[in-house]
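K.L.:
This is input20.pdb, which holds PDB, C-alpha atoms and all ligand atoms:
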ATOM      1  CA  MET A  26      82.259 123.409  97.633  1.00  0.00           C
ATOM      2  CA  VAL A  27      84.019 120.470  99.112  1.00  0.00           C
ATOM      3  CA  LYS A  28      87.294 119.574  97.579  1.00  0.00           C
ATOM      4  CA  ILE A  29      88.612 116.143  98.257  1.00  0.00           C
ATOM      5  CA  GLN A  30      92.325 116.369  98.400  1.00  0.00           C
ATOM      6  CA  ALA A  31      94.470 113.298  98.424  1.00  0.00           C
ATOM      7  CA  GLU A  32      98.157 113.530  98.814  1.00  0.00           C
ATOM      8  CA  ILE A  33     100.002 111.193  96.513  1.00  0.00           C
ATOM      9  CA  VAL A  34     103.650 110.511  97.050  1.00  0.00           C
ATOM     10  CA  ASN A  35     106.150 108.191  95.521  1.00  0.00           C
ATOM     11  CA  GLY A  36     107.599 105.653  97.860  1.00  0.00           C
ATOM     12  CA  LYS A  37     108.774 102.137  98.181  1.00  0.00           C
ATOM     13  CA  CYS A  38     106.171  99.924  99.685  1.00  0.00           C
ATOM     14  CA  PRO A  39     107.622  97.627 102.350  1.00  0.00           C
ATOM     15  CA  THR A  40     104.851  95.123 101.805  1.00  0.00           C
ATOM     16  CA  CYS A  41     105.114  94.456  98.059  1.00  0.00           C
ATOM     17  CA  ASP A  42     108.640  95.851  97.733  1.00  0.00           C
ATOM     18  CA  GLU A  43     107.669  98.011  94.779  1.00  0.00           C
ATOM     19  CA  LEU A  44     108.434 101.635  94.085  1.00  0.00           C
ATOM     20  CA  THR A  45     104.941 102.910  93.620  1.00  0.00           C
ATOM     21  CA  MET A  46     102.467 105.669  94.389  1.00  0.00           C
ATOM     22  CA  LEU A  47     101.201 106.016  97.919  1.00  0.00           C
ATOM     23  CA  VAL A  48      97.936 107.821  98.542  1.00  0.00           C
ATOM     24  CA  GLY A  49      97.686 109.771 101.746  1.00  0.00           C
ATOM     25  CA  LEU A  50      94.708 108.819 103.877  1.00  0.00           C
ATOM     26  CA  THR A  51      95.646 110.983 106.842  1.00  0.00           C
ATOM     27  CA  ASN A  52      98.724 112.946 107.794  1.00  0.00           C
ATOM     28  CA  GLU A  53     100.618 109.772 108.491  1.00  0.00           C
ATOM     29  CA  LEU A  54      98.660 106.973 106.883  1.00  0.00           C
ATOM     30  CA  PHE A  55      99.301 106.067 103.263  1.00  0.00           C
ATOM     31  CA  ARG A  56      97.924 103.363 101.035  1.00  0.00           C
ATOM     32  CA  CYS A  57      99.993 101.557  98.460  1.00  0.00           C
ATOM     33  CA  MET A  58      98.465 101.807  94.973  1.00  0.00           C
ATOM     34  CA  ASN A  59     100.132  98.575  93.979  1.00  0.00           C
ATOM     35  CA  CYS A  60      99.053  96.110  96.635  1.00  0.00           C
ATOM     36  CA  GLY A  61      96.600  98.153  98.674  1.00  0.00           C
ATOM     37  CA  SER A  62      98.464  97.877 101.940  1.00  0.00           C
ATOM     38  CA  ASP A  63      98.094 100.640 104.479  1.00  0.00           C
ATOM     39  CA  LEU A  64     101.385 102.148 105.515  1.00  0.00           C
ATOM     40  CA  LYS A  65     102.301 104.438 108.354  1.00  0.00           C
ATOM     41  CA  GLN A  66     104.775 107.159 107.606  1.00  0.00           C
ATOM     42  CA  HIS A  67     107.557 107.719 110.081  1.00  0.00           C
ATOM     43  CA  VAL A  68     109.868 110.662 109.671  1.00  0.00           C
ATOM     44  CA  ASN A  69     113.103 110.576 111.598  1.00  0.00           C
ATOM     45  CA  GLY A  70     115.759 111.911 109.292  1.00  0.00           C
ATOM     46  CA  LYS A  71     114.515 109.609 106.563  1.00  0.00           C
ATOM     47  CA  ILE A  72     110.979 108.851 105.599  1.00  0.00           C
ATOM     48  CA  THR A  73     110.140 105.305 106.466  1.00  0.00           C
ATOM     49  CA  TYR A  74     106.919 103.497 105.692  1.00  0.00           C
ATOM     50  CA  LEU A  75     105.756 100.803 108.023  1.00  0.00           C
ATOM     51  CA  PRO A  76     103.078  98.322 107.100  1.00  0.00           C
ATOM     52  CA  VAL A  77      99.918  98.781 109.118  1.00  0.00           C
ATOM     53  CA  MET A  78      98.641  95.342 109.868  1.00  0.00           C
ATOM     54  CA  THR A  79      97.716  93.217 112.750  1.00  0.00           C
ATOM     55  CA  SER A  80     100.784  91.315 113.747  1.00  0.00           C
ATOM     56  CA  PRO A  81     101.203  88.766 116.485  1.00  0.00           C
ATOM     57  CA  GLU A  82     101.922  90.196 119.885  1.00  0.00           C
ATOM     58  CA  GLY A  83     105.582  91.015 120.245  1.00  0.00           C
ATOM     59  CA  ALA A  84     106.334  90.505 116.564  1.00  0.00           C
ATOM     60  CA  THR A  85     108.568  93.030 114.868  1.00  0.00           C
ATOM     61  CA  PRO A  86     107.055  94.546 111.738  1.00  0.00           C
ATOM     62  CA  PHE A  87     108.942  93.997 108.528  1.00  0.00           C
ATOM     63  CA  VAL A  88     110.570  97.328 107.875  1.00  0.00           C
ATOM     64  CA  LYS A  89     112.589  98.623 105.000  1.00  0.00           C
ATOM     65  CA  GLU A  90     114.024 102.088 104.970  1.00  0.00           C
ATOM     66  CA  TRP A  91     113.212 104.439 102.190  1.00  0.00           C
ATOM     67  CA  ILE A  92     116.475 105.118 100.409  1.00  0.00           C
ATOM     68  CA  GLU A  93     116.624 108.245  98.333  1.00  0.00           C
TER
HETATM   69 ZN    ZN B 101     102.510  97.667  98.209  1.00  0.00          ZN
END
Show me the file's structure as structure tokens.
Ligand SMILES: [Zn+2]

P.N.:
Amino acid sequence: MVKIQAEIVNGKCPTCDELTMLVGLTNELFRCMNCGSDLKQHVNGKITYLPVMTSPEGATPFVKEWIE
């Protein structure tokens, strides 16, 4: 029996700026249920979600910290 397990967490999406549900795709990849953006989870004291998207070389991703 194969059980498909998806981790769902609440978080603020940096792409659509909404507090929404994020579905875990892998240990560190999450997808926003609101806008469908893929986010990468970074944990360094706080949990921060970074948009996963192709950005121009040298561009800094738009990042907002997750504030509890
Ligand atoms: Zn979103």

K.L.:
Evaluate the PyMOL selection byres (((not hetatm)) within 6 of (chain B and resi 101)) here and jot the selected residues down as a PyMOL selection string.

P.N.:
chain A and resi 38+40-41+57+59-62

K.L.:
Just checking: using all atoms listed in the file, which residue out of A:Gln30, A:Asn35, A:His67, A:Pro76 ends up closest to Leu50 of chain A?

P.N.:
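Once distances to Leu50 of chain A are computed over all atoms listed in the file, the minimum belongs to A:Gln30.
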
K.L.:
Quick one: of A:Ile72, A:Ile33, A:Val77, A:Leu64, who's nearest to Leu47 of chain A, counting all atoms listed in the file?

P.N.:
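Ranking A:Ile72, A:Ile33, A:Val77, A:Leu64 by distance to Leu47 of chain A, first place goes to A:Ile33.
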
K.L.:
Could you spell out the hits of the PyMOL selection byres (((chain A and resi 32) around 6) and not hetatm) on the shown file, as a JSON list (two decimals) with C-alpha atoms, in the coordinates of the input?

P.N.:
[["chain", "number", "residue", "atom", "x", "y", "z"],
["A", 31, "ALA", "CA", 94.47, 113.30, 98.42],
["A", 33, "ILE", "CA", 100.00, 111.19, 96.51],
["A", 48, "VAL", "CA", 97.94, 107.82, 98.54],
["A", 49, "GLY", "CA", 97.69, 109.77, 101.75]]

K.L.:
Rounded to one decimal, what separation in Å do you get between atom CA of Thr73 of chain A and atom CA of Phe55 of chain A?

P.N.:
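Interatomic distance, atom CA of Thr73 of chain A to atom CA of Phe55 of chain A: 11.3 Å.
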
K.L.:
Grab the atom CA of Asp42 of chain A to atom CA of Leu75 of chain A distance for me, in Å with one decimal place.

P.N.:
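These two atoms are separated by 11.8 Å.
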
K.L.:
To box segment 53-57 of chain A, take all atoms listed in the file, fit an axis-aligned box, add 3 Å on each side, and give centre and edge lengths in Å to one decimal, as AutoDock Vina command-line options.

P.N.:
--center_x 99.3 --center_y 105.7 --center_z 103.5 --size_x 8.7 --size_y 14.2 --size_z 16.0

K.L.:
Quick one, how far is atom CA of Arg56 of chain A from atom CA of Lys71 of chain A?

P.N.:
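According to the coordinates, atom CA of Arg56 of chain A and atom CA of Lys71 of chain A are separated by 18.6 Å.
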